[in-house]
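S.K.: This is run-v3.tsv, which holds TSV, N, CA and C atoms:
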chain	number	residue	atom	x	y	z
A	236	MET	N	99.68	106.69	117.25
A	236	MET	CA	100.60	105.60	117.54
A	236	MET	C	101.87	105.80	116.75
A	237	GLY	N	102.90	105.23	117.26
A	237	GLY	CA	104.16	105.30	116.54
A	237	GLY	C	105.18	104.39	117.17
A	238	GLY	N	106.29	104.29	116.50
A	238	GLY	CA	107.34	103.38	116.92
A	238	GLY	C	107.87	103.63	118.31
A	239	LEU	N	107.99	104.89	118.71
A	239	LEU	CA	108.57	105.17	120.02
A	239	LEU	C	107.68	104.68	121.16
A	240	SER	N	106.39	104.89	121.08
A	240	SER	CA	105.51	104.43	122.15
A	240	SER	C	105.45	102.90	122.17
A	241	ILE	N	105.45	102.28	121.01
A	241	ILE	CA	105.46	100.82	120.93
A	241	ILE	C	106.78	100.30	121.47
A	242	ASN	N	107.87	100.91	121.06
A	242	ASN	CA	109.20	100.53	121.53
A	242	ASN	C	109.29	100.61	123.04
A	243	GLU	N	108.76	101.67	123.62
A	243	GLU	CA	108.80	101.83	125.07
A	243	GLU	C	108.03	100.71	125.77
A	244	ALA	N	106.84	100.40	125.29
A	244	ALA	CA	106.06	99.31	125.88
A	244	ALA	C	106.84	97.99	125.80
A	245	MET	N	107.47	97.76	124.66
A	245	MET	CA	108.23	96.53	124.49
A	245	MET	C	109.43	96.47	125.42
A	246	CYS	N	110.06	97.62	125.69
A	246	CYS	CA	111.19	97.66	126.63
A	246	CYS	C	110.77	97.24	128.03
A	247	TYR	N	109.51	97.45	128.36
A	247	TYR	CA	108.98	97.05	129.66
A	247	TYR	C	108.43	95.62	129.64
A	248	GLY	N	108.67	94.91	128.55
A	248	GLY	CA	108.25	93.53	128.45
A	248	GLY	C	106.75	93.34	128.33
A	249	LEU	N	106.12	94.24	127.61
A	249	LEU	CA	104.67	94.17	127.44
A	249	LEU	C	104.29	93.71	126.04
A	250	PRO	N	103.17	92.99	125.92
A	250	PRO	CA	102.63	92.74	124.59
A	250	PRO	C	102.03	94.04	124.07
A	251	VAL	N	101.93	94.17	122.77
A	251	VAL	CA	101.45	95.41	122.17
A	251	VAL	C	100.18	95.13	121.36
A	252	ILE	N	99.19	95.98	121.55
A	252	ILE	CA	98.00	95.95	120.71
A	252	ILE	C	97.97	97.27	119.96
A	253	CYS	N	97.97	97.19	118.64
A	253	CYS	CA	97.99	98.42	117.85
A	253	CYS	C	97.29	98.19	116.52
A	254	SER	N	97.04	99.28	115.83
A	254	SER	CA	96.57	99.20	114.45
A	254	SER	C	97.71	99.69	113.57
A	255	ILE	N	97.48	99.72	112.30
A	255	ILE	CA	98.50	100.24	111.39
A	255	ILE	C	98.56	101.75	111.60
A	256	GLY	N	99.78	102.24	111.86
A	256	GLY	CA	99.97	103.67	112.12
A	256	GLY	C	100.89	104.29	111.10
A	257	ASP	N	102.07	104.67	111.57
A	257	ASP	CA	103.02	105.36	110.69
A	257	ASP	C	103.96	104.41	109.97
A	258	GLY	N	103.77	103.13	110.15
A	258	GLY	CA	104.60	102.14	109.47
A	258	GLY	C	105.68	101.55	110.34
A	259	THR	N	106.11	102.29	111.37
A	259	THR	CA	107.18	101.78	112.23
A	259	THR	C	106.72	100.57	113.03
A	260	GLU	N	105.43	100.44	113.25
A	260	GLU	CA	104.91	99.30	114.02
A	260	GLU	C	105.18	97.98	113.31
A	261	LYS	N	105.33	98.02	112.00
A	261	LYS	CA	105.53	96.79	111.23
A	261	LYS	C	106.86	96.12	111.55
A	262	MET	N	107.86	96.91	111.95
A	262	MET	CA	109.15	96.35	112.34
A	262	MET	C	109.11	95.79	113.76
A	263	LEU	N	108.18	96.27	114.56
A	263	LEU	CA	108.18	95.95	115.98
A	263	LEU	C	107.15	94.90	116.39
A	264	VAL	N	105.95	94.98	115.85
A	264	VAL	CA	104.86	94.13	116.31
A	264	VAL	C	104.62	93.01	115.30
A	265	ARG	N	104.73	91.80	115.79
A	265	ARG	CA	104.46	90.61	114.97
A	265	ARG	C	103.18	89.98	115.49
A	266	ASP	N	102.14	90.05	114.69
A	266	ASP	CA	100.82	89.62	115.11
A	266	ASP	C	100.84	88.18	115.60
A	267	GLY	N	100.37	87.99	116.84
A	267	GLY	CA	100.34	86.66	117.44
A	267	GLY	C	101.64	86.26	118.09
A	268	VAL	N	102.70	87.03	117.90
A	268	VAL	CA	104.01	86.70	118.48
A	268	VAL	C	104.26	87.56	119.71
A	269	ASN	N	104.29	88.87	119.53
A	269	ASN	CA	104.50	89.77	120.67
A	269	ASN	C	103.38	90.80	120.80
A	270	GLY	N	102.31	90.58	120.08
A	270	GLY	CA	101.19	91.49	120.17
A	270	GLY	C	100.13	91.15	119.15
A	271	ARG	N	99.19	92.05	119.03
A	271	ARG	CA	98.08	91.85	118.10
A	271	ARG	C	97.77	93.16	117.40
A	272	TYR	N	97.34	93.06	116.16
A	272	TYR	CA	96.84	94.21	115.42
A	272	TYR	C	95.32	94.19	115.45
A	273	PHE	N	94.71	95.34	115.64
A	273	PHE	CA	93.27	95.44	115.50
A	273	PHE	C	92.95	96.26	114.26
A	274	ARG	N	91.78	96.01	113.70
A	274	ARG	CA	91.37	96.73	112.50
A	274	ARG	C	91.14	98.20	112.85
A	275	ASP	N	91.77	99.07	112.09
A	275	ASP	CA	91.69	100.51	112.32
A	275	ASP	C	90.24	100.97	112.38
A	276	GLY	N	89.90	101.67	113.45
A	276	GLY	CA	88.56	102.21	113.61
A	276	GLY	C	87.53	101.21	114.09
A	277	ASP	N	87.94	99.98	114.35
A	277	ASP	CA	87.02	98.92	114.75
A	277	ASP	C	87.12	98.71	116.27
A	278	GLU	N	86.27	99.42	116.99
A	278	GLU	CA	86.28	99.36	118.45
A	278	GLU	C	86.04	97.95	118.97
A	279	ASP	N	85.13	97.22	118.34
A	279	ASP	CA	84.83	95.85	118.78
A	279	ASP	C	86.05	94.95	118.63
A	280	ASP	N	86.79	95.11	117.54
A	280	ASP	CA	87.99	94.31	117.34
A	280	ASP	C	89.04	94.65	118.41
A	281	LEU	N	89.19	95.92	118.71
A	281	LEU	CA	90.12	96.33	119.76
A	281	LEU	C	89.72	95.72	121.10
A	282	ILE	N	88.45	95.78	121.43
A	282	ILE	CA	87.95	95.21	122.69
A	282	ILE	C	88.24	93.70	122.74
A	283	ARG	N	88.04	93.00	121.62
A	283	ARG	CA	88.33	91.56	121.58
A	283	ARG	C	89.80	91.29	121.84
A	284	LYS	N	90.68	92.07	121.21
A	284	LYS	CA	92.12	91.84	121.37
A	284	LYS	C	92.55	92.11	122.81
A	285	ILE	N	92.04	93.17	123.41
A	285	ILE	CA	92.37	93.48	124.81
A	285	ILE	C	91.82	92.38	125.72
A	286	SER	N	90.58	91.99	125.51
A	286	SER	CA	89.95	90.95	126.34
A	286	SER	C	90.71	89.63	126.27
A	287	ASP	N	91.13	89.26	125.07
A	287	ASP	CA	91.89	88.01	124.91
A	287	ASP	C	93.14	88.03	125.77
A	288	LEU	N	93.86	89.14	125.76
A	288	LEU	CA	95.09	89.21	126.55
A	288	LEU	C	94.80	89.29	128.04
A	289	LEU	N	93.76	89.97	128.43
A	289	LEU	CA	93.41	90.06	129.86
A	289	LEU	C	92.99	88.71	130.42
A	290	ARG	N	92.37	87.88	129.60
A	290	ARG	CA	91.93	86.55	130.05
A	290	ARG	C	93.06	85.53	130.11
A	291	ASP	N	94.19	85.82	129.50
A	291	ASP	CA	95.24	84.81	129.37
A	291	ASP	C	96.59	85.36	129.87
A	292	PRO	N	96.85	85.29	131.19
A	292	PRO	CA	98.11	85.81	131.73
A	292	PRO	C	99.35	85.14	131.14
A	293	ALA	N	99.25	83.84	130.84
A	293	ALA	CA	100.41	83.15	130.27
A	293	ALA	C	100.75	83.70	128.88
A	294	LEU	N	99.73	83.99	128.10
A	294	LEU	CA	99.95	84.57	126.77
A	294	LEU	C	100.56	85.96	126.89
A	295	ARG	N	100.05	86.77	127.83
A	295	ARG	CA	100.63	88.11	128.04
A	295	ARG	C	102.10	88.02	128.39
A	296	GLU	N	102.43	87.09	129.27
A	296	GLU	CA	103.83	86.93	129.68
A	296	GLU	C	104.70	86.46	128.52
A	297	LYS	N	104.20	85.50	127.75
A	297	LYS	CA	104.96	84.98	126.61
A	297	LYS	C	105.17	86.08	125.56
A	298	MET	N	104.12	86.82	125.22
A	298	MET	CA	104.25	87.90	124.24
A	298	MET	C	105.16	89.01	124.77
A	299	GLY	N	105.05	89.30	126.05
A	299	GLY	CA	105.91	90.33	126.65
A	299	GLY	C	107.38	89.94	126.58
A	300	ALA	N	107.67	88.67	126.86
A	300	ALA	CA	109.05	88.19	126.77
A	300	ALA	C	109.57	88.28	125.34
A	301	ARG	N	108.70	88.00	124.38
A	301	ARG	CA	109.10	88.12	122.97
A	301	ARG	C	109.34	89.58	122.60
A	302	SER	N	108.55	90.49	123.16
A	302	SER	CA	108.78	91.92	122.92
A	302	SER	C	110.17	92.32	123.40
A	303	THR	N	110.52	91.87	124.60
A	303	THR	CA	111.84	92.18	125.16
A	303	THR	C	112.94	91.63	124.26
A	304	ARG	N	112.78	90.40	123.78
A	304	ARG	CA	113.80	89.80	122.92
A	304	ARG	C	113.95	90.58	121.62
A	305	ILE	N	112.85	90.99	121.03
A	305	ILE	CA	112.91	91.75	119.78
A	305	ILE	C	113.68	93.05	119.99
A	306	ILE	N	113.43	93.73	121.10
A	306	ILE	CA	114.14	94.98	121.39
A	306	ILE	C	115.61	94.71	121.64
A	307	ARG	N	115.92	93.72	122.42
A	307	ARG	CA	117.34	93.44	122.74
A	307	ARG	C	118.13	92.99	121.53
A	308	GLU	N	117.52	92.18	120.67
A	308	GLU	CA	118.27	91.53	119.61
A	308	GLU	C	118.09	92.13	118.22
A	309	GLU	N	116.94	92.79	117.96
A	309	GLU	CA	116.65	93.17	116.59
A	309	GLU	C	116.45	94.66	116.35
A	310	VAL	N	115.66	95.31	117.16
A	310	VAL	CA	115.29	96.70	116.90
A	310	VAL	C	115.60	97.52	118.14
A	311	ASN	N	116.77	98.14	118.12
A	311	ASN	CA	117.19	98.99	119.23
A	311	ASN	C	118.09	100.10	118.69
A	312	ILE	N	118.53	100.96	119.55
A	312	ILE	CA	119.32	102.11	119.09
A	312	ILE	C	120.56	101.67	118.32
A	313	HIS	N	121.16	100.56	118.72
A	313	HIS	CA	122.38	100.10	118.06
A	313	HIS	C	122.10	99.58	116.65
A	314	THR	N	121.02	98.83	116.49
A	314	THR	CA	120.71	98.30	115.16
A	314	THR	C	120.22	99.41	114.24
A	315	VAL	N	119.51	100.39	114.78
A	315	VAL	CA	119.05	101.51	113.97
A	315	VAL	C	120.24	102.35	113.50
A	316	ILE	N	121.14	102.66	114.41
A	316	ILE	CA	122.34	103.44	114.04
A	316	ILE	C	123.15	102.68	113.00
A	317	ASP	N	123.32	101.38	113.20
A	317	ASP	CA	124.06	100.57	112.24
A	317	ASP	C	123.41	100.64	110.85
A	318	GLY	N	122.09	100.60	110.81
A	318	GLY	CA	121.39	100.71	109.54
A	318	GLY	C	121.64	102.05	108.86
A	319	TYR	N	121.61	103.12	109.65
A	319	TYR	CA	121.91	104.45	109.09
A	319	TYR	C	123.34	104.51	108.56
A	320	LEU	N	124.29	103.99	109.32
A	320	LEU	CA	125.69	104.03	108.89
A	320	LEU	C	125.89	103.25	107.60
A	321	ARG	N	125.24	102.10	107.49
A	321	ARG	CA	125.35	101.32	106.25
A	321	ARG	C	124.73	102.07	105.08
A	322	ALA	N	123.61	102.73	105.32
A	322	ALA	CA	122.96	103.51	104.25
A	322	ALA	C	123.85	104.68	103.81
A	323	PHE	N	124.44	105.38	104.77
A	323	PHE	CA	125.33	106.49	104.44
A	323	PHE	C	126.56	106.02	103.68
A	324	ALA	N	127.12	104.89	104.09
A	324	ALA	CA	128.29	104.34	103.40
A	324	ALA	C	127.92	103.96	101.96
A	325	TRP	N	126.75	103.37	101.78
A	325	TRP	CA	126.29	103.02	100.43
A	325	TRP	C	126.13	104.27	99.58
A	326	LEU	N	125.53	105.30	100.13
A	326	LEU	CA	125.36	106.57	99.38
A	326	LEU	C	126.69	107.20	99.04
A	327	ARG	N	127.62	107.11	99.97
A	327	ARG	CA	128.94	107.69	99.72
A	327	ARG	C	129.63	106.96	98.57
A	328	ARG	N	129.56	105.63	98.58
A	328	ARG	CA	130.15	104.85	97.49
A	328	ARG	C	129.46	105.18	96.18
A	329	LEU	N	128.16	105.34	96.20
A	329	LEU	CA	127.37	105.63	95.00
A	329	LEU	C	127.74	106.98	94.42
A	330	THR	N	127.96	107.98	95.24
A	330	THR	CA	128.26	109.32	94.75
A	330	THR	C	129.70	109.48	94.30
A	331	ARG	N	130.57	108.55	94.65
A	331	ARG	CA	131.97	108.62	94.23
A	331	ARG	C	132.16	108.11	92.81
A	332	ARG	N	131.17	107.49	92.26
A	332	ARG	CA	131.31	106.88	90.91
A	332	ARG	C	131.29	107.93	89.85
What is this file in structure tokens?

M.R.:
Amino acid sequence: MGGLSINEAMCYGLPVICSIGDGTEKMLVRDGVNGRYFRDGDEDDLIRKISDLLRDPALREKMGARSTRIIREEVNIHTVIDGYLRAFAWLRRLTRR
């Protein structure tokens, strides 16, 4: 798992079910808001999380809409680039001292 696959699912307005992976998921998936985390290696927990979403179309739609909003407003190519530019500017100021 990783940020790109999660990001892609969110771009399609889908809720995300994931475990802790490379850390990028923490910026994207908010448990109970736009997806759910399952305990790593716990197949039963994963099955429960999938089943809960399959049984509740309204919840899937609500979480999917929140995924779309997070991508549009918070975590996208523009916000990532802006973060890099701010970091580079900070480093440049730091090295000029």

S.K.: Do a neighbour search on stretch 281-296 of chain A at 8 Å with only N, CA and C atoms, toss out local chain neighbours closer than 4 positions, and write the hits as an NGL selection string.

M.R.: :A and (248-250 or 252-253 or 271-277 or 300-302)

S.K.: Quick one: distance from atom CA of A:Asp266 to atom CA of A:Arg307 in Å, one decimal?

M.R.: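 Taking atom CA of A:Asp266 and atom CA of A:Arg307, their separation equals 18.6 Å.
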
S.K.: Mind the document's chain letters and residue numbers, and return as a VMD selection string the residues of chain A that DSSP labels alpha helix (DSSP H).

M.R.: chain A and resid 238 to 246 260 to 263 278 to 290 292 to 308 312 to 330

S.K.: Taking only chain A into account, list the residues labelled strand (DSSP E) by DSSP (computed from the backbone), as a list in words.

M.R.: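 Selecting the strand (DSSP E) positions of chain A gives Val251, Ile252, Cys253, Gly270, Arg271 and Tyr272 of chain A.
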
S.K.: Output N, CA and C atoms of each residue in that selection to a file, as a PDB file, in the coordinates of the input.

M.R.:
ATOM      1  N   VAL A 251     101.930  94.170 122.770  1.00  0.00           N
ATOM      2  CA  VAL A 251     101.450  95.410 122.170  1.00  0.00           C
ATOM      3  C   VAL A 251     100.180  95.130 121.360  1.00  0.00           C
ATOM      4  N   ILE A 252      99.190  95.980 121.550  1.00  0.00           N
ATOM      5  CA  ILE A 252      98.000  95.950 120.710  1.00  0.00           C
ATOM      6  C   ILE A 252      97.970  97.270 119.960  1.00  0.00           C
ATOM      7  N   CYS A 253      97.970  97.190 118.640  1.00  0.00           N
ATOM      8  CA  CYS A 253      97.990  98.420 117.850  1.00  0.00           C
ATOM      9  C   CYS A 253      97.290  98.190 116.520  1.00  0.00           C
ATOM     10  N   GLY A 270     102.310  90.580 120.080  1.00  0.00           N
ATOM     11  CA  GLY A 270     101.190  91.490 120.170  1.00  0.00           C
ATOM     12  C   GLY A 270     100.130  91.150 119.150  1.00  0.00           C
ATOM     13  N   ARG A 271      99.190  92.050 119.030  1.00  0.00           N
ATOM     14  CA  ARG A 271      98.080  91.850 118.100  1.00  0.00           C
ATOM     15  C   ARG A 271      97.770  93.160 117.400  1.00  0.00           C
ATOM     16  N   TYR A 272      97.340  93.060 116.160  1.00  0.00           N
ATOM     17  CA  TYR A 272      96.840  94.210 115.420  1.00  0.00           C
ATOM     18  C   TYR A 272      95.320  94.190 115.450  1.00  0.00           C
TER      19      TYR A 272
END

S.K.: Could you check how far atom C of A:Cys246 sits from atom N of A:Ile306, in Å to one decimal?

M.R.: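 These two atoms are separated by 8.2 Å.
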
S.K.: I'd like the interatomic distance between atom N of A:Val268 and atom CA of A:Met298, to a tenth of an Å.

M.R.: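 Result for atom N of A:Val268 versus atom CA of A:Met298: 6.6 Å, one decimal.
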
S.K.: Could the centre and edge lengths of an axis-aligned box, enclosing all atoms of stretch 301-314 of chain A in the file with 5 Å extra on each side, be given in Å to one decimal as JSON?

M.R.:
{"center_x": 115.5, "center_y": 95.1, "center_z": 119.7, "size_x": 23.8, "size_y": 24.1, "size_z": 20.9}
